[in-house]
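Source file: structure35.cif. Holds: mmCIF, C-alpha atoms.
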data_upload
#
loop_
_atom_site.group_PDB
_atom_site.id
_atom_site.type_symbol
_atom_site.label_atom_id
_atom_site.label_comp_id
_atom_site.auth_asym_id
_atom_site.auth_seq_id
_atom_site.Cartn_x
_atom_site.Cartn_y
_atom_site.Cartn_z
ATOM 1 C CA MET A 204 14.967 21.157 -12.172
ATOM 2 C CA THR A 205 11.366 20.418 -11.292
ATOM 3 C CA GLU A 206 10.344 22.266 -8.171
ATOM 4 C CA ASP A 207 7.584 19.799 -7.336
ATOM 5 C CA ALA A 208 9.693 16.624 -7.771
ATOM 6 C CA PHE A 209 8.835 15.574 -4.213
ATOM 7 C CA SER A 210 5.105 15.847 -4.915
ATOM 8 C CA GLU A 211 5.541 14.102 -8.262
ATOM 9 C CA HIS A 212 7.137 11.064 -6.626
ATOM 10 C CA ARG A 213 5.301 11.173 -3.302
ATOM 11 C CA ALA A 214 3.305 7.982 -3.905
ATOM 12 C CA LEU A 215 6.494 6.061 -4.662
ATOM 13 C CA LEU A 216 8.278 7.497 -1.624
ATOM 14 C CA PHE A 217 5.351 6.714 0.676
ATOM 15 C CA THR A 218 5.145 3.147 -0.640
ATOM 16 C CA ILE A 219 8.841 2.543 0.007
ATOM 17 C CA ALA A 220 8.648 4.020 3.510
ATOM 18 C CA TYR A 221 5.469 2.114 4.393
ATOM 19 C CA GLU A 222 6.841 -1.228 3.212
ATOM 20 C CA MET A 223 9.997 -0.661 5.220
ATOM 21 C CA LEU A 224 8.162 0.451 8.359
ATOM 22 C CA GLY A 225 4.710 -1.178 8.344
ATOM 23 C CA SER A 226 3.190 2.027 9.674
ATOM 24 C CA ALA A 227 1.514 4.818 7.736
ATOM 25 C CA ALA A 228 2.151 7.227 10.606
ATOM 26 C CA ASP A 229 5.873 6.410 10.651
ATOM 27 C CA ALA A 230 6.022 6.588 6.862
ATOM 28 C CA GLU A 231 4.491 10.060 6.941
ATOM 29 C CA ASP A 232 7.068 11.116 9.548
ATOM 30 C CA VAL A 233 9.851 9.846 7.283
ATOM 31 C CA LEU A 234 8.418 11.739 4.314
ATOM 32 C CA GLN A 235 8.234 14.910 6.378
ATOM 33 C CA GLU A 236 11.867 14.564 7.451
ATOM 34 C CA SER A 237 12.878 13.803 3.866
ATOM 35 C CA TYR A 238 10.986 16.798 2.536
ATOM 36 C CA LEU A 239 12.850 19.094 4.924
ATOM 37 C CA ARG A 240 16.130 17.746 3.580
ATOM 38 C CA TRP A 241 14.882 18.142 0.022
ATOM 39 C CA SER A 242 13.852 21.738 0.715
ATOM 40 C CA ALA A 243 17.307 22.611 2.022
ATOM 41 C CA VAL A 244 19.355 21.052 -0.778
ATOM 42 C CA ASP A 245 20.745 22.940 -3.764
ATOM 43 C CA ARG A 246 18.600 21.548 -6.601
ATOM 44 C CA ALA A 247 21.177 22.575 -9.201
ATOM 45 C CA GLU A 248 23.514 19.899 -7.811
ATOM 46 C CA ILE A 249 20.966 17.084 -8.262
ATOM 47 C CA ASP A 250 20.854 15.434 -11.679
ATOM 48 C CA HIS A 251 18.259 12.786 -10.861
ATOM 49 C CA PRO A 252 15.670 14.000 -8.322
ATOM 50 C CA ARG A 253 13.805 10.688 -7.996
ATOM 51 C CA ALA A 254 16.972 8.687 -7.305
ATOM 52 C CA TYR A 255 18.083 11.280 -4.777
ATOM 53 C CA LEU A 256 14.716 11.259 -3.016
ATOM 54 C CA VAL A 257 14.593 7.459 -2.883
ATOM 55 C CA ARG A 258 18.040 7.432 -1.243
ATOM 56 C CA VAL A 259 16.981 10.031 1.320
ATOM 57 C CA VAL A 260 13.734 8.229 2.165
ATOM 58 C CA THR A 261 15.508 4.872 2.396
ATOM 59 C CA ARG A 262 18.102 6.212 4.832
ATOM 60 C CA GLN A 263 15.486 7.991 6.945
ATOM 61 C CA ALA A 264 13.285 4.892 7.006
ATOM 62 C CA LEU A 265 16.223 2.710 8.036
ATOM 63 C CA ASN A 266 17.045 5.047 10.916
ATOM 64 C CA HIS A 267 13.404 5.103 11.969
ATOM 65 C CA LEU A 268 13.053 1.328 11.744
ATOM 66 C CA ARG A 269 16.035 0.751 14.012
ATOM 67 C CA THR A 270 14.395 3.032 16.566
ATOM 68 C CA VAL A 271 10.955 1.395 16.527
ATOM 69 C CA LYS A 272 12.202 -2.219 16.465
ATOM 70 C CA ALA A 273 12.764 -2.331 20.227
ATOM 71 C CA ARG A 274 9.409 -0.668 20.884
ATOM 72 C CA ARG A 275 7.578 -3.302 18.857
ATOM 73 C CA GLU A 276 9.239 -6.085 20.832
ATOM 74 C CA GLU A 277 7.478 -4.687 23.916
ATOM 75 C CA TYR A 278 4.110 -4.383 22.167
ATOM 76 C CA ILE A 279 1.157 -5.771 24.123
ATOM 77 C CA GLY A 280 -0.388 -8.683 22.251
ATOM 78 C CA THR A 281 0.171 -9.384 18.574
ATOM 79 C CA TRP A 282 1.498 -6.541 16.439
ATOM 80 C CA LEU A 283 -0.056 -6.011 13.010
ATOM 81 C CA PRO A 284 0.957 -3.429 10.408
ATOM 82 C CA GLU A 285 -1.072 -0.243 10.407
ATOM 83 C CA PRO A 286 -3.712 -0.961 7.734
ATOM 84 C CA ILE A 287 -3.816 1.293 4.697
ATOM 85 C CA ARG A 288 -6.900 1.689 2.558
ATOM 86 C CA THR A 289 -5.951 0.949 -1.030
ATOM 87 C CA GLY A 290 -7.682 1.592 -4.331
ATOM 88 C CA PRO A 291 -8.592 -1.029 -6.950
ATOM 89 C CA ALA A 292 -5.496 -0.237 -9.037
ATOM 90 C CA VAL A 293 -3.292 -2.027 -6.479
ATOM 91 C CA GLY A 294 -4.831 -5.338 -7.534
ATOM 92 C CA ASP A 295 -3.629 -4.736 -11.095
ATOM 93 C CA ASP A 296 -0.013 -5.015 -9.914
ATOM 94 C CA ALA A 297 0.443 -8.482 -8.413
ATOM 95 C CA ILE A 298 3.877 -7.689 -6.973
ATOM 96 C CA LEU A 299 2.663 -4.501 -5.299
ATOM 97 C CA ALA A 300 -0.504 -6.152 -3.956
ATOM 98 C CA GLU A 301 1.424 -9.016 -2.374
ATOM 99 C CA SER A 302 4.148 -6.763 -1.027
ATOM 100 C CA VAL A 303 1.689 -4.693 1.054
ATOM 101 C CA SER A 304 -0.455 -7.651 2.152
ATOM 102 C CA MET A 305 -0.701 -8.218 5.880
ATOM 103 C CA ALA A 306 0.902 -11.649 5.624
ATOM 104 C CA LEU A 307 4.001 -10.475 3.793
ATOM 105 C CA MET A 308 4.330 -7.360 5.938
ATOM 106 C CA LEU A 309 4.451 -9.655 8.976
ATOM 107 C CA VAL A 310 7.198 -11.692 7.319
ATOM 108 C CA LEU A 311 9.139 -8.488 6.632
ATOM 109 C CA GLU A 312 8.970 -7.752 10.367
ATOM 110 C CA THR A 313 11.129 -10.823 10.982
ATOM 111 C CA LEU A 314 13.986 -9.389 8.887
ATOM 112 C CA ASN A 315 16.544 -7.052 10.370
ATOM 113 C CA PRO A 316 16.298 -3.430 9.144
ATOM 114 C CA THR A 317 19.026 -3.737 6.494
ATOM 115 C CA GLU A 318 17.628 -7.016 5.141
ATOM 116 C CA ARG A 319 14.187 -5.473 4.944
ATOM 117 C CA ALA A 320 15.445 -2.421 3.062
ATOM 118 C CA VAL A 321 17.376 -4.534 0.569
ATOM 119 C CA PHE A 322 14.494 -6.939 -0.028
ATOM 120 C CA VAL A 323 11.945 -4.157 -0.505
ATOM 121 C CA LEU A 324 14.125 -2.091 -2.820
ATOM 122 C CA HIS A 325 15.299 -5.011 -4.956
ATOM 123 C CA ASP A 326 12.467 -7.554 -5.070
ATOM 124 C CA VAL A 327 9.552 -5.125 -4.932
ATOM 125 C CA PHE A 328 10.833 -1.951 -6.569
ATOM 126 C CA GLY A 329 13.397 -3.455 -8.897
ATOM 127 C CA TYR A 330 16.424 -1.382 -7.913
ATOM 128 C CA SER A 331 19.809 -2.866 -8.774
ATOM 129 C CA HIS A 332 22.243 -4.058 -6.135
ATOM 130 C CA ARG A 333 24.527 -1.152 -7.042
ATOM 131 C CA GLU A 334 21.739 1.405 -6.587
ATOM 132 C CA ILE A 335 20.819 -0.113 -3.232
ATOM 133 C CA ALA A 336 24.462 -0.120 -2.148
ATOM 134 C CA ASP A 337 24.578 3.634 -2.804
ATOM 135 C CA SER A 338 21.410 4.110 -0.760
ATOM 136 C CA ILE A 339 22.374 2.161 2.350
ATOM 137 C CA GLY A 340 26.139 2.663 2.421
ATOM 138 C CA LYS A 341 27.153 -0.965 1.810
ATOM 139 C CA SER A 342 29.276 -2.559 -0.896
ATOM 140 C CA GLU A 343 27.543 -4.122 -3.881
ATOM 141 C CA VAL A 344 28.902 -7.547 -2.922
ATOM 142 C CA THR A 345 27.466 -7.197 0.580
ATOM 143 C CA VAL A 346 24.094 -6.101 -0.788
ATOM 144 C CA ARG A 347 23.964 -9.182 -3.037
ATOM 145 C CA GLN A 348 24.592 -11.423 -0.034
ATOM 146 C CA ILE A 349 21.954 -9.638 2.041
ATOM 147 C CA ALA A 350 19.456 -9.837 -0.827
ATOM 148 C CA ARG A 351 19.967 -13.580 -1.218
ATOM 149 C CA ARG A 352 19.585 -14.209 2.514
ATOM 150 C CA ALA A 353 16.483 -12.010 2.808
ATOM 151 C CA ARG A 354 14.823 -13.579 -0.244
ATOM 152 C CA GLN A 355 15.334 -17.099 1.084
ATOM 153 C CA HIS A 356 13.903 -16.045 4.434
ATOM 154 C CA VAL A 357 10.822 -14.425 2.880
ATOM 155 C CA HIS A 358 10.102 -17.210 0.402
ATOM 156 C CA ALA A 359 10.238 -19.830 3.160
ATOM 157 C CA ARG A 360 7.540 -17.974 5.115
ATOM 158 C CA ARG A 361 5.355 -16.292 2.482
ATOM 159 C CA ARG A 362 1.633 -17.035 2.189
ATOM 160 C CA ARG A 363 -0.286 -16.869 -1.066
ATOM 161 C CA PHE A 364 -3.447 -14.811 -1.339
ATOM 162 C CA ASP A 365 -5.881 -13.559 -3.982
ATOM 163 C CA PRO A 366 -6.200 -9.746 -4.250
ATOM 164 C CA ASP A 367 -9.531 -8.042 -3.665
ATOM 165 C CA SER A 368 -12.027 -8.917 -6.395
ATOM 166 C CA GLN A 369 -15.723 -9.602 -6.873
ATOM 167 C CA ALA A 370 -15.099 -13.297 -6.149
ATOM 168 C CA THR A 371 -13.282 -12.637 -2.874
ATOM 169 C CA ARG A 372 -15.935 -10.127 -1.802
ATOM 170 C CA GLU A 373 -18.619 -12.742 -2.308
ATOM 171 C CA ILE A 374 -16.738 -15.030 0.071
ATOM 172 C CA VAL A 375 -16.548 -12.187 2.602
ATOM 173 C CA ASP A 376 -20.306 -11.625 2.205
ATOM 174 C CA ARG A 377 -20.976 -15.289 2.919
ATOM 175 C CA PHE A 378 -18.644 -15.115 5.924
ATOM 176 C CA LEU A 379 -20.445 -12.077 7.346
ATOM 177 C CA PHE A 380 -23.855 -13.675 6.778
ATOM 178 C CA ALA A 381 -22.813 -16.900 8.511
ATOM 179 C CA THR A 382 -21.429 -14.815 11.377
ATOM 180 C CA SER A 383 -24.693 -12.893 11.731
ATOM 181 C CA THR A 384 -26.765 -16.109 11.807
ATOM 182 C CA GLY A 385 -24.371 -18.004 14.056
ATOM 183 C CA GLU A 386 -23.886 -20.864 11.599
ATOM 184 C CA ILE A 387 -20.621 -22.392 12.763
ATOM 185 C CA GLN A 388 -20.485 -25.093 10.078
ATOM 186 C CA ALA A 389 -21.079 -22.528 7.340
ATOM 187 C CA LEU A 390 -18.194 -20.491 8.739
ATOM 188 C CA MET A 391 -15.932 -23.524 8.897
ATOM 189 C CA ASP A 392 -16.759 -24.430 5.297
ATOM 190 C CA LEU A 393 -15.519 -21.005 4.156
ATOM 191 C CA MET A 394 -12.154 -21.354 5.868
ATOM 192 C CA ALA A 395 -9.079 -23.444 5.188
ATOM 193 C CA PRO A 396 -8.402 -26.086 7.878
ATOM 194 C CA ASP A 397 -5.248 -24.225 8.986
ATOM 195 C CA VAL A 398 -6.771 -20.731 8.891
ATOM 196 C CA VAL A 399 -5.135 -18.201 11.218
ATOM 197 C CA GLN A 400 -6.909 -15.329 12.972
ATOM 198 C CA ILE A 401 -4.727 -12.506 14.317
ATOM 199 C CA ALA A 402 -6.008 -9.522 16.277
ATOM 200 C CA ASP A 403 -4.205 -6.328 17.244
ATOM 201 C CA GLY A 404 -5.608 -4.407 20.186
ATOM 202 C CA GLY A 405 -2.333 -2.905 21.357
ATOM 203 C CA GLY A 406 -3.424 -3.387 24.962
ATOM 204 C CA LYS A 407 -5.954 -0.572 24.510
ATOM 205 C CA VAL A 408 -9.034 -2.629 23.596
ATOM 206 C CA THR A 409 -10.021 -6.249 24.076
ATOM 207 C CA ALA A 410 -8.370 -8.536 21.534
ATOM 208 C CA ALA A 411 -6.905 -12.035 21.466
ATOM 209 C CA ARG A 412 -3.297 -11.847 22.646
ATOM 210 C CA ARG A 413 -2.239 -14.841 20.538
ATOM 211 C CA PRO A 414 -3.177 -16.085 17.056
ATOM 212 C CA VAL A 415 -6.163 -18.424 16.861
ATOM 213 C CA ILE A 416 -5.509 -21.374 14.527
ATOM 214 C CA GLY A 417 -7.826 -23.901 12.886
ATOM 215 C CA SER A 418 -11.245 -23.546 11.242
ATOM 216 C CA GLU A 419 -13.315 -24.723 14.219
ATOM 217 C CA GLU A 420 -11.336 -22.689 16.751
ATOM 218 C CA VAL A 421 -11.502 -19.555 14.579
ATOM 219 C CA ALA A 422 -15.218 -20.032 13.876
ATOM 220 C CA ARG A 423 -16.045 -20.308 17.566
ATOM 221 C CA PHE A 424 -13.849 -17.332 18.359
ATOM 222 C CA ILE A 425 -15.480 -15.201 15.641
ATOM 223 C CA LEU A 426 -18.979 -16.047 16.825
ATOM 224 C CA GLY A 427 -18.006 -15.148 20.379
ATOM 225 C CA VAL A 428 -16.654 -11.772 19.249
ATOM 226 C CA ALA A 429 -19.778 -11.136 17.161
ATOM 227 C CA ARG A 430 -22.069 -11.714 20.146
ATOM 228 C CA THR A 431 -20.295 -9.063 22.198
ATOM 229 C CA SER A 432 -19.065 -6.588 19.593
ATOM 230 C CA ILE A 433 -21.701 -6.434 16.855
ATOM 231 C CA THR A 434 -24.948 -4.703 17.777
ATOM 232 C CA PRO A 435 -27.963 -3.446 15.797
ATOM 233 C CA ALA A 436 -26.180 -0.075 15.688
ATOM 234 C CA THR A 437 -23.146 -1.568 13.942
ATOM 235 C CA ARG A 438 -22.779 -0.790 10.258
ATOM 236 C CA ILE A 439 -20.549 -3.023 8.155
ATOM 237 C CA GLU A 440 -18.902 -1.759 4.971
ATOM 238 C CA HIS A 441 -16.837 -3.435 2.303
ATOM 239 C CA ALA A 442 -13.420 -1.917 1.627
ATOM 240 C CA THR A 443 -9.949 -2.803 0.388
ATOM 241 C CA TYR A 444 -7.005 -2.652 2.790
ATOM 242 C CA ASN A 445 -3.457 -3.605 1.878
ATOM 243 C CA GLY A 446 -4.756 -4.973 -1.413
ATOM 244 C CA MET A 447 -7.030 -7.405 0.452
ATOM 245 C CA PRO A 448 -10.829 -7.570 0.778
ATOM 246 C CA ALA A 449 -11.866 -6.158 4.131
ATOM 247 C CA ALA A 450 -14.845 -5.322 6.295
ATOM 248 C CA ARG A 451 -15.143 -2.106 8.291
ATOM 249 C CA PHE A 452 -17.255 -2.089 11.477
ATOM 250 C CA LEU A 453 -18.672 1.334 12.355
ATOM 251 C CA THR A 454 -20.756 2.643 15.235
ATOM 252 C CA ASP A 455 -22.443 6.043 14.834
ATOM 253 C CA GLY A 456 -20.319 6.598 11.749
ATOM 254 C CA ALA A 457 -17.023 6.041 13.583
ATOM 255 C CA LEU A 458 -14.710 3.155 12.689
ATOM 256 C CA ASP A 459 -14.393 0.750 15.630
ATOM 257 C CA TRP A 460 -12.372 -1.975 13.951
ATOM 258 C CA LEU A 461 -11.677 -3.644 10.650
ATOM 259 C CA VAL A 462 -10.847 -7.109 9.393
ATOM 260 C CA ALA A 463 -8.768 -7.855 6.295
ATOM 261 C CA PHE A 464 -9.320 -11.282 4.724
ATOM 262 C CA GLU A 465 -6.597 -13.421 3.208
ATOM 263 C CA ILE A 466 -8.261 -15.665 0.639
ATOM 264 C CA HIS A 467 -6.644 -18.292 -1.572
ATOM 265 C CA ASP A 468 -8.309 -20.819 -3.885
ATOM 266 C CA GLY A 469 -11.756 -19.894 -2.607
ATOM 267 C CA ARG A 470 -11.003 -20.384 1.096
ATOM 268 C CA ILE A 471 -10.215 -17.890 3.838
ATOM 269 C CA THR A 472 -6.685 -18.623 5.012
ATOM 270 C CA GLY A 473 -6.148 -15.640 7.286
ATOM 271 C CA LEU A 474 -8.099 -12.958 9.143
ATOM 272 C CA TYR A 475 -6.341 -9.812 10.352
ATOM 273 C CA ALA A 476 -8.395 -7.793 12.828
ATOM 274 C CA VAL A 477 -7.114 -4.341 13.728
ATOM 275 C CA ARG A 478 -8.757 -2.904 16.839
ATOM 276 C CA ASN A 479 -6.007 -0.678 18.235
ATOM 277 C CA PRO A 480 -7.544 2.813 17.908
ATOM 278 C CA ASP A 481 -4.105 4.331 17.286
ATOM 279 C CA LYS A 482 -3.945 2.383 14.027
ATOM 280 C CA LEU A 483 -7.386 3.436 12.837
ATOM 281 C CA HIS A 484 -6.993 7.235 12.847
ATOM 282 C CA ARG A 485 -5.851 7.283 9.208
ATOM 283 C CA ALA A 486 -7.807 4.227 8.054
ATOM 284 C CA ASP A 487 -10.380 6.231 6.070
ATOM 285 C CA THR A 488 -7.781 7.748 3.738
ATOM 286 C CA VAL A 489 -7.292 5.935 0.422
ATOM 287 C CA ARG A 490 -3.542 5.714 -0.170
ATOM 288 C CA LEU A 491 -1.983 6.025 -3.596
ATOM 289 C CA LEU A 492 0.751 3.433 -3.944
ATOM 290 C CA ASP A 493 3.344 3.274 -6.702
ATOM 291 C CA ARG A 494 6.350 1.119 -7.612
ATOM 292 C CA GLY A 495 7.713 3.856 -9.843
ATOM 293 C CA GLY A 496 7.511 1.976 -13.107
ATOM 294 C CA ARG A 497 10.579 -0.126 -12.304
ATOM 295 C CA GLY A 498 10.883 -3.704 -13.410
ATOM 296 C CA ALA A 499 11.154 -6.216 -10.582
ATOM 297 C CA ALA A 500 12.156 -9.838 -10.402
ATOM 298 C CA GLY A 501 9.012 -10.706 -8.470
ATOM 299 C CA LEU A 502 8.430 -11.913 -4.942
#
Show the structure stored in the file as structure tokens.
Amino acid sequence: MTEDAFSEHRALLFTIAYEMLGSAADAEDVLQESYLRWSAVDRAEIDHPRAYLVRVVTRQALNHLRTVKARREEYIGTWLPEPIRTGPAVGDDAILAESVSMALMLVLETLNPTERAVFVLHDVFGYSHREIADSIGKSEVTVRQIARRARQHVHARRRRFDPDSQATREIVDRFLFATSTGEIQALMDLMAPDVVQIADGGGKVTAARRPVIGSEEVARFILGVARTSITPATRIEHATYNGMPAARFLTDGALDWLVAFEIHDGRITGLYAVRNPDKLHRADTVRLLDRGGRGAAGL
């Protein structure tokens, strides 16, 4: 039995927990709780450490998700997932990149906890209905029904996007330049007509309480924010968050806020601005994500 099985599979376990919870902080809490259980178990009784650990993390994440659901319903303003900084390798796995994108994570929030667990484990990580049934304490027939319902729900609401690449970064560069020069038409030309801008301030900093929709409305909103929030002391950096091209806005070396860009067919279709300081504490850490080498049917 490998003593460091938990460390060996940590990236996989974190990815599962994060996709189920939408919060890196909550995912880390789940991993800590799961590690304590792993430390206390008799390893000689475990034939397949990874399968055991996935079951433990799934159950802990489900319990945690049921607890935080009510809290999120009382959230001030629009709730966005806690952004995670991802490496370039995420873009090499189209299923993984889409599954952690802001847009899909928001869709997953509309599922109930069991539906979310089943969808994530089956459609993203490729686990069989029988394996999932063992993990969540449901019958295989029930899991199949839940999987079908969750998939239909997600596919009806999903948004396409292009992962971070040189081409998408060039569009972000043009967006930032147009913002700095105040060229509203140039901004509008970079965005899809039905572009959506969502900001998360958590009631702790100034942020739009509702989504802003439409290229002209978003362009005017962005220019207004730039006039009040971007100063000569602001440094802007490129980065990748949730598999998406992003811009980090720093003052005196400290991260003030970040924006992840959803881009499809050369146009910006979504902007996700995270300003809640509670969601930026871990935003500098590059997260290793992993689907565990399982086949998956695709999103």
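Residues in contact range of A:Arg377, defined as at most 9 Å between all atoms listed in the file, with sequence neighbours fewer than 3 positions away removed, read A:Arg372, A:Glu373, A:Ile374, A:Phe380, A:Ala381, A:Thr382, A:Ala389, A:Leu390, A:Leu393.
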At a cut-off of 8 Å, can you tabulate as a tab-separated table every residue of stretch 247-333 of chain A near stretch 439-445 of chain A together with its closest atom pair and the distance in Å to one decimal, using only C-alpha atoms and ordering rows by chain then number?
residue	atom	partner	partner_atom	distance
A:Pro286	CA	A:Tyr444	CA	6.2
A:Ile287	CA	A:Tyr444	CA	5.4
A:Arg288	CA	A:Tyr444	CA	4.3
A:Thr289	CA	A:Tyr444	CA	5.4
A:Gly290	CA	A:Thr443	CA	6.8
A:Pro291	CA	A:Thr443	CA	7.7
A:Ala300	CA	A:Asn445	CA	7.0
A:Val303	CA	A:Asn445	CA	5.3
A:Ser304	CA	A:Asn445	CA	5.0
A:Met305	CA	A:Asn445	CA	6.7
request  = Write out as a list in words the residues lying within 10 Å of A:Ser331, counting all atoms listed in the file and excluding same-chain residues fewer than 3 positions away.
outcome  = Val321, Leu324, His325, Asp326, Phe328, Glu334, Ile335, Ala336, Glu343, Val346, Arg347 and Ala499 of chain A
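Closest approach to A:Ser302 among A:Ile249, A:Ala228, A:Met391, A:Val357 is made by A:Val357 (distances from all atoms listed in the file).
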query = So which residues touch stretch 459-464 of chain A within 6 Å, counting only C-alpha atoms, skipping near sequence neighbours fewer than 4 positions away, as an MDAnalysis selection string?
reply = chainID A and resid 448:453 473:478
Up to 12 Å from (10.0, -0.9, 8.8) in the file's coordinates: name the residues, counting only C-alpha atoms, as a CSV table (one decimal) with C-alpha atoms, in the coordinates of the input.
chain,number,residue,atom,x,y,z
A,218,THR,CA,5.1,3.1,-0.6
A,219,ILE,CA,8.8,2.5,0.0
A,220,ALA,CA,8.6,4.0,3.5
A,221,TYR,CA,5.5,2.1,4.4
A,222,GLU,CA,6.8,-1.2,3.2
A,223,MET,CA,10.0,-0.7,5.2
A,224,LEU,CA,8.2,0.5,8.4
A,225,GLY,CA,4.7,-1.2,8.3
A,226,SER,CA,3.2,2.0,9.7
A,227,ALA,CA,1.5,4.8,7.7
A,228,ALA,CA,2.2,7.2,10.6
A,229,ASP,CA,5.9,6.4,10.7
A,230,ALA,CA,6.0,6.6,6.9
A,233,VAL,CA,9.9,9.8,7.3
A,260,VAL,CA,13.7,8.2,2.2
A,261,THR,CA,15.5,4.9,2.4
A,262,ARG,CA,18.1,6.2,4.8
A,263,GLN,CA,15.5,8.0,6.9
A,264,ALA,CA,13.3,4.9,7.0
A,265,LEU,CA,16.2,2.7,8.0
A,266,ASN,CA,17.0,5.0,10.9
A,267,HIS,CA,13.4,5.1,12.0
A,268,LEU,CA,13.1,1.3,11.7
A,269,ARG,CA,16.0,0.8,14.0
A,270,THR,CA,14.4,3.0,16.6
A,271,VAL,CA,11.0,1.4,16.5
A,272,LYS,CA,12.2,-2.2,16.5
A,273,ALA,CA,12.8,-2.3,20.2
A,275,ARG,CA,7.6,-3.3,18.9
A,284,PRO,CA,1.0,-3.4,10.4
A,285,GLU,CA,-1.1,-0.2,10.4
A,303,VAL,CA,1.7,-4.7,1.1
A,308,MET,CA,4.3,-7.4,5.9
A,309,LEU,CA,4.5,-9.7,9.0
A,310,VAL,CA,7.2,-11.7,7.3
A,311,LEU,CA,9.1,-8.5,6.6
A,312,GLU,CA,9.0,-7.8,10.4
A,313,THR,CA,11.1,-10.8,11.0
A,314,LEU,CA,14.0,-9.4,8.9
A,315,ASN,CA,16.5,-7.1,10.4
A,316,PRO,CA,16.3,-3.4,9.1
A,317,THR,CA,19.0,-3.7,6.5
A,318,GLU,CA,17.6,-7.0,5.1
A,319,ARG,CA,14.2,-5.5,4.9
A,320,ALA,CA,15.4,-2.4,3.1
A,321,VAL,CA,17.4,-4.5,0.6
A,322,PHE,CA,14.5,-6.9,0.0
A,323,VAL,CA,11.9,-4.2,-0.5
Edge lengths and centre in Å to one decimal, as JSON, is what I'm after for the box along x, y and z that holds all listed atoms of stretch 281-290 of chain A once 4 Å is added on each side.
{"center_x": -3.1, "center_y": -3.8, "center_z": 7.1, "size_x": 17.2, "size_y": 19.1, "size_z": 30.9}
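Relative to atom CA of A:Ala214, atom CA of A:Val489 is found at 11.6 Å.
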